[in-house]
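Colleague: Before I ask anything, let me first share the structure, which is written out below as structure tokens.
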Amino acid sequence: MKKVVLLRHGESVWNNENRFTGWTDVDLSPKGIEEASLAGKTLKANGFVFQKAYTSYLKRAVKTLNGVLDTMDLDWIPVEKSWRLNEKHYGMLQGLNKTETAAKYGDEQVLVWRRSYDIAPEPLAASDPRSPRADIRYGELTDAEIPLTESLKETVERAVPYWEKVIVPSLEHYDQIIVTAHGNSLRGIIKFLKNISDADIISLNLPTAVPYVFEFDDRLNLVKDYFLGDPAEIEKKMNAVANQGKK
């Protein structure tokens, strides 16, 4: 049996402030650091011993992974980073408070921007200081590869090929892998794995730093998936994510 754990990063500073984050490289909050450690303890207690890890280019995901692996005494395993696992780019919304934005534009419109499948927020200007095009970490990418806004559909179009061409083939060599990334890049992968419809994906809310386990047979067919942790606490965290964009 092959196992892949998908883990959304711990609470970030802007999660705590209820801001749209996207590709903005904000750090973990103190709570987020604790969540990463707790996720590591939960995984260790459930017998996980990862052999390979994947994460994005954004420090909130990288530091969450570091905290998990340190807690599990697995700091030594190989880690691969990719921009393709970055969060969905929120365009002009990046940095704005979600509640204030909902008060201005309405809960329904903010829900569309946050969770719809194929509708993107208004893009940043290429010259906007928030644009990632001047960031050295993306220097090898073309302008076409670096988004100024994204829908979930566009996030799927970069994250799922990375899953199929890089992560899945590594399961031929490793039995347990962890992927630490972001709410929307992981939602895109989960949509693909579970064949969730474009309409139903809007209701999937991933809590911060709760391990989501996917088990595959030797032919890499999905057998089952489940969260690790207390179901009531996980549901509470999911509801909190769902309510972030309401006035």
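The chains in the structure tokens are called A, B, ... from first to last as shown; in each chain the residues are counted from 1, and the ligands are counted from 1 in the order shown.
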Write out as JSON, numbers by chain which residues come within 10 Å of stretch 48-54 of chain A when counting only C-alpha atoms, dropping same-chain ones fewer than 3 positions away.

Modeller: {"A": [3, 4, 5, 6, 40, 41, 42, 43, 44, 45, 61, 62, 65, 69, 72, 73, 74, 76, 77, 78, 79, 80, 81, 82, 85, 166, 167, 170, 171, 173, 174, 175, 176, 177, 178, 179, 180, 181]}

Colleague: So which residues touch A:Ala102 within 12 Å, counting only C-alpha atoms, skipping near sequence neighbours fewer than 3 positions away, as a PyMOL selection string?

Modeller: chain A and resi 18-20+93+96-99+105-114+243-247

Colleague: With a distance cut-off of 10 Å and only C-alpha atoms, select the neighbouring residues of A:Ile201, excluding the residue or stretch itself and same-chain residues fewer than 6 positions from it, and output the selection as a list in words.

Modeller: Arg115, Ser116, Tyr117, Leu152, Arg187, Gly188, Ile190, Lys191 and Asn195 of chain A

Colleague: One decimal, Å: what's the distance from atom CA of A:Phe192 over to atom CA of A:Val160, could you say?

Modeller: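 Straight-line distance from atom CA of A:Phe192 to atom CA of A:Val160 works out to 7.3 Å.
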
Colleague: With DSSP run on the backbone, what are the helix (DSSP H, G or I) residues within stretch 31-239 of chain A? I'd like them as number ranges by chain.

Modeller: A: 31-45, 59-71, 83-85, 91-93, 98-105, 107-115, 132-134, 136-138, 152-170, 183-194, 200-203, 231-239

Colleague: Could those residues be written to a file, using C-alpha atoms, as a short mmCIF file (atom, residue, chain, number, x, y, z; two decimals), in the first residue's frame?

Modeller:
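part-v3.cif, freshly written:
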```cif
data_model
loop_
_atom_site.label_atom_id
_atom_site.label_comp_id
_atom_site.auth_asym_id
_atom_site.auth_seq_id
_atom_site.Cartn_x
_atom_site.Cartn_y
_atom_site.Cartn_z
CA LYS A 31 -0.32 29.25 16.03
CA GLY A 32 0.79 27.98 12.62
CA ILE A 33 4.15 26.87 14.04
CA GLU A 34 2.31 24.95 16.76
CA GLU A 35 -0.03 23.40 14.19
CA ALA A 36 2.93 22.12 12.17
CA SER A 37 4.42 20.49 15.24
CA LEU A 38 1.08 18.92 16.17
CA ALA A 39 0.67 17.55 12.64
CA GLY A 40 4.12 15.94 12.95
CA LYS A 41 3.18 14.37 16.29
CA THR A 42 -0.09 13.06 14.85
CA LEU A 43 1.65 11.55 11.84
CA LYS A 44 4.36 9.97 13.97
CA ALA A 45 1.79 8.52 16.37
CA LYS A 59 7.69 29.97 3.17
CA ARG A 60 4.45 29.18 4.99
CA ALA A 61 4.38 25.77 3.27
CA VAL A 62 8.15 25.23 3.49
CA LYS A 63 8.24 26.05 7.21
CA THR A 64 5.22 23.86 7.90
CA LEU A 65 6.99 20.95 6.21
CA ASN A 66 10.19 21.71 8.15
CA GLY A 67 8.25 21.69 11.42
CA VAL A 68 6.54 18.39 10.59
CA LEU A 69 9.75 16.65 9.57
CA ASP A 70 11.67 18.00 12.56
CA THR A 71 9.00 16.70 14.94
CA TRP A 83 6.21 26.84 -7.88
CA ARG A 84 3.52 24.61 -9.38
CA LEU A 85 2.40 23.81 -5.82
CA GLY A 91 -4.75 39.06 -8.27
CA MET A 92 -5.93 42.45 -7.02
CA LEU A 93 -7.41 40.83 -3.90
CA LYS A 98 -11.78 39.07 3.36
CA THR A 99 -14.50 40.34 5.70
CA GLU A 100 -14.10 43.95 4.56
CA THR A 101 -14.13 42.78 0.94
CA ALA A 102 -17.35 40.82 1.59
CA ALA A 103 -18.93 43.88 3.18
CA LYS A 104 -18.09 45.89 0.04
CA TYR A 105 -18.91 43.35 -2.68
CA ASP A 107 -20.70 37.35 0.48
CA GLU A 108 -21.75 35.70 -2.78
CA GLN A 109 -19.21 37.56 -4.90
CA VAL A 110 -16.38 36.82 -2.46
CA LEU A 111 -17.38 33.15 -2.41
CA VAL A 112 -17.12 33.15 -6.22
CA TRP A 113 -13.62 34.69 -6.07
CA ARG A 114 -12.49 32.30 -3.33
CA ARG A 115 -14.05 28.99 -4.30
CA PRO A 132 5.74 37.92 -8.68
CA ARG A 133 7.40 38.66 -12.04
CA ALA A 134 10.26 40.59 -10.40
CA ILE A 136 14.18 36.10 -8.18
CA ARG A 137 12.72 32.69 -7.33
CA TYR A 138 10.65 32.80 -10.54
CA LEU A 152 -8.98 27.33 -9.49
CA LYS A 153 -9.14 25.90 -13.02
CA GLU A 154 -5.86 27.60 -13.88
CA THR A 155 -4.32 26.44 -10.61
CA VAL A 156 -5.34 22.87 -11.49
CA GLU A 157 -3.72 23.24 -14.89
CA ARG A 158 -0.29 23.76 -13.29
CA ALA A 159 -0.62 21.60 -10.14
CA VAL A 160 -2.17 18.41 -11.56
CA PRO A 161 0.48 17.86 -14.28
CA TYR A 162 3.12 18.18 -11.56
CA TRP A 163 1.22 15.57 -9.55
CA GLU A 164 1.00 13.22 -12.53
CA LYS A 165 4.51 13.68 -13.96
CA VAL A 166 6.59 14.11 -10.79
CA ILE A 167 4.86 13.01 -7.60
CA VAL A 168 3.03 9.90 -8.83
CA PRO A 169 6.12 8.39 -10.55
CA SER A 170 8.07 8.77 -7.30
CA GLY A 183 -5.62 25.35 0.19
CA ASN A 184 -6.24 25.77 -3.51
CA SER A 185 -3.32 23.90 -5.05
CA LEU A 186 -4.28 20.94 -2.87
CA ARG A 187 -7.99 21.37 -3.63
CA GLY A 188 -7.07 21.09 -7.29
CA ILE A 189 -5.20 17.83 -6.76
CA ILE A 190 -8.02 16.46 -4.58
CA LYS A 191 -10.58 17.43 -7.23
CA PHE A 192 -8.59 15.40 -9.75
CA LEU A 193 -8.07 12.40 -7.46
CA LYS A 194 -11.69 12.15 -6.33
CA ASP A 200 -19.14 20.57 -5.93
CA ILE A 201 -15.54 21.71 -5.47
CA ILE A 202 -16.83 25.03 -4.15
CA SER A 203 -17.84 23.31 -0.89
CA PRO A 231 -13.53 14.56 13.52
CA ALA A 232 -15.34 17.22 15.56
CA GLU A 233 -12.26 19.44 15.70
CA ILE A 234 -11.61 18.96 11.97
CA GLU A 235 -15.20 19.92 11.13
CA LYS A 236 -14.85 23.01 13.33
CA LYS A 237 -11.70 24.04 11.45
CA MET A 238 -13.36 23.44 8.07
CA ASN A 239 -16.30 25.64 9.06
#
```

Colleague: As an exercise, work out the distance from atom CA of A:Asp135 to atom CA of A:Ala209 in Å and give it to one decimal place.

Modeller: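 Pair atom CA of A:Asp135 / atom CA of A:Ala209 returns 26.8 Å.
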
Colleague: Looking only at the backbone, which of the residues in stretch 15-233 of chain A does DSSP tag as strand (DSSP E or B), as a list in words?

Modeller: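 Matching residues for strand (DSSP E or B) in stretch 15-233 of chain A are Arg19, Leu28, Lys52, Ala53, Tyr54, Thr55, Val79, Glu80, Lys81, Asn97, Gln176, Ile177, Ile178, Val179, Thr180, Ala181, Tyr212, Val213, Phe214, Glu215, Phe216, Leu222, Val223, Lys224, Asp225, Tyr226 and Phe227 of chain A.
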
Colleague: Could you tell me which of A:Pro211, A:Gly229, A:Gly22, A:Pro129 comes closest to A:Leu58 if we count only C-alpha atoms?

Modeller: A:Gly22

Colleague: Would you compute the distance between atom CA of A:Asn221 and atom CA of A:Met1? Give it in Å to one decimal.

Modeller: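 We find that atom CA of A:Asn221 and atom CA of A:Met1 lie 10.1 Å from each other.
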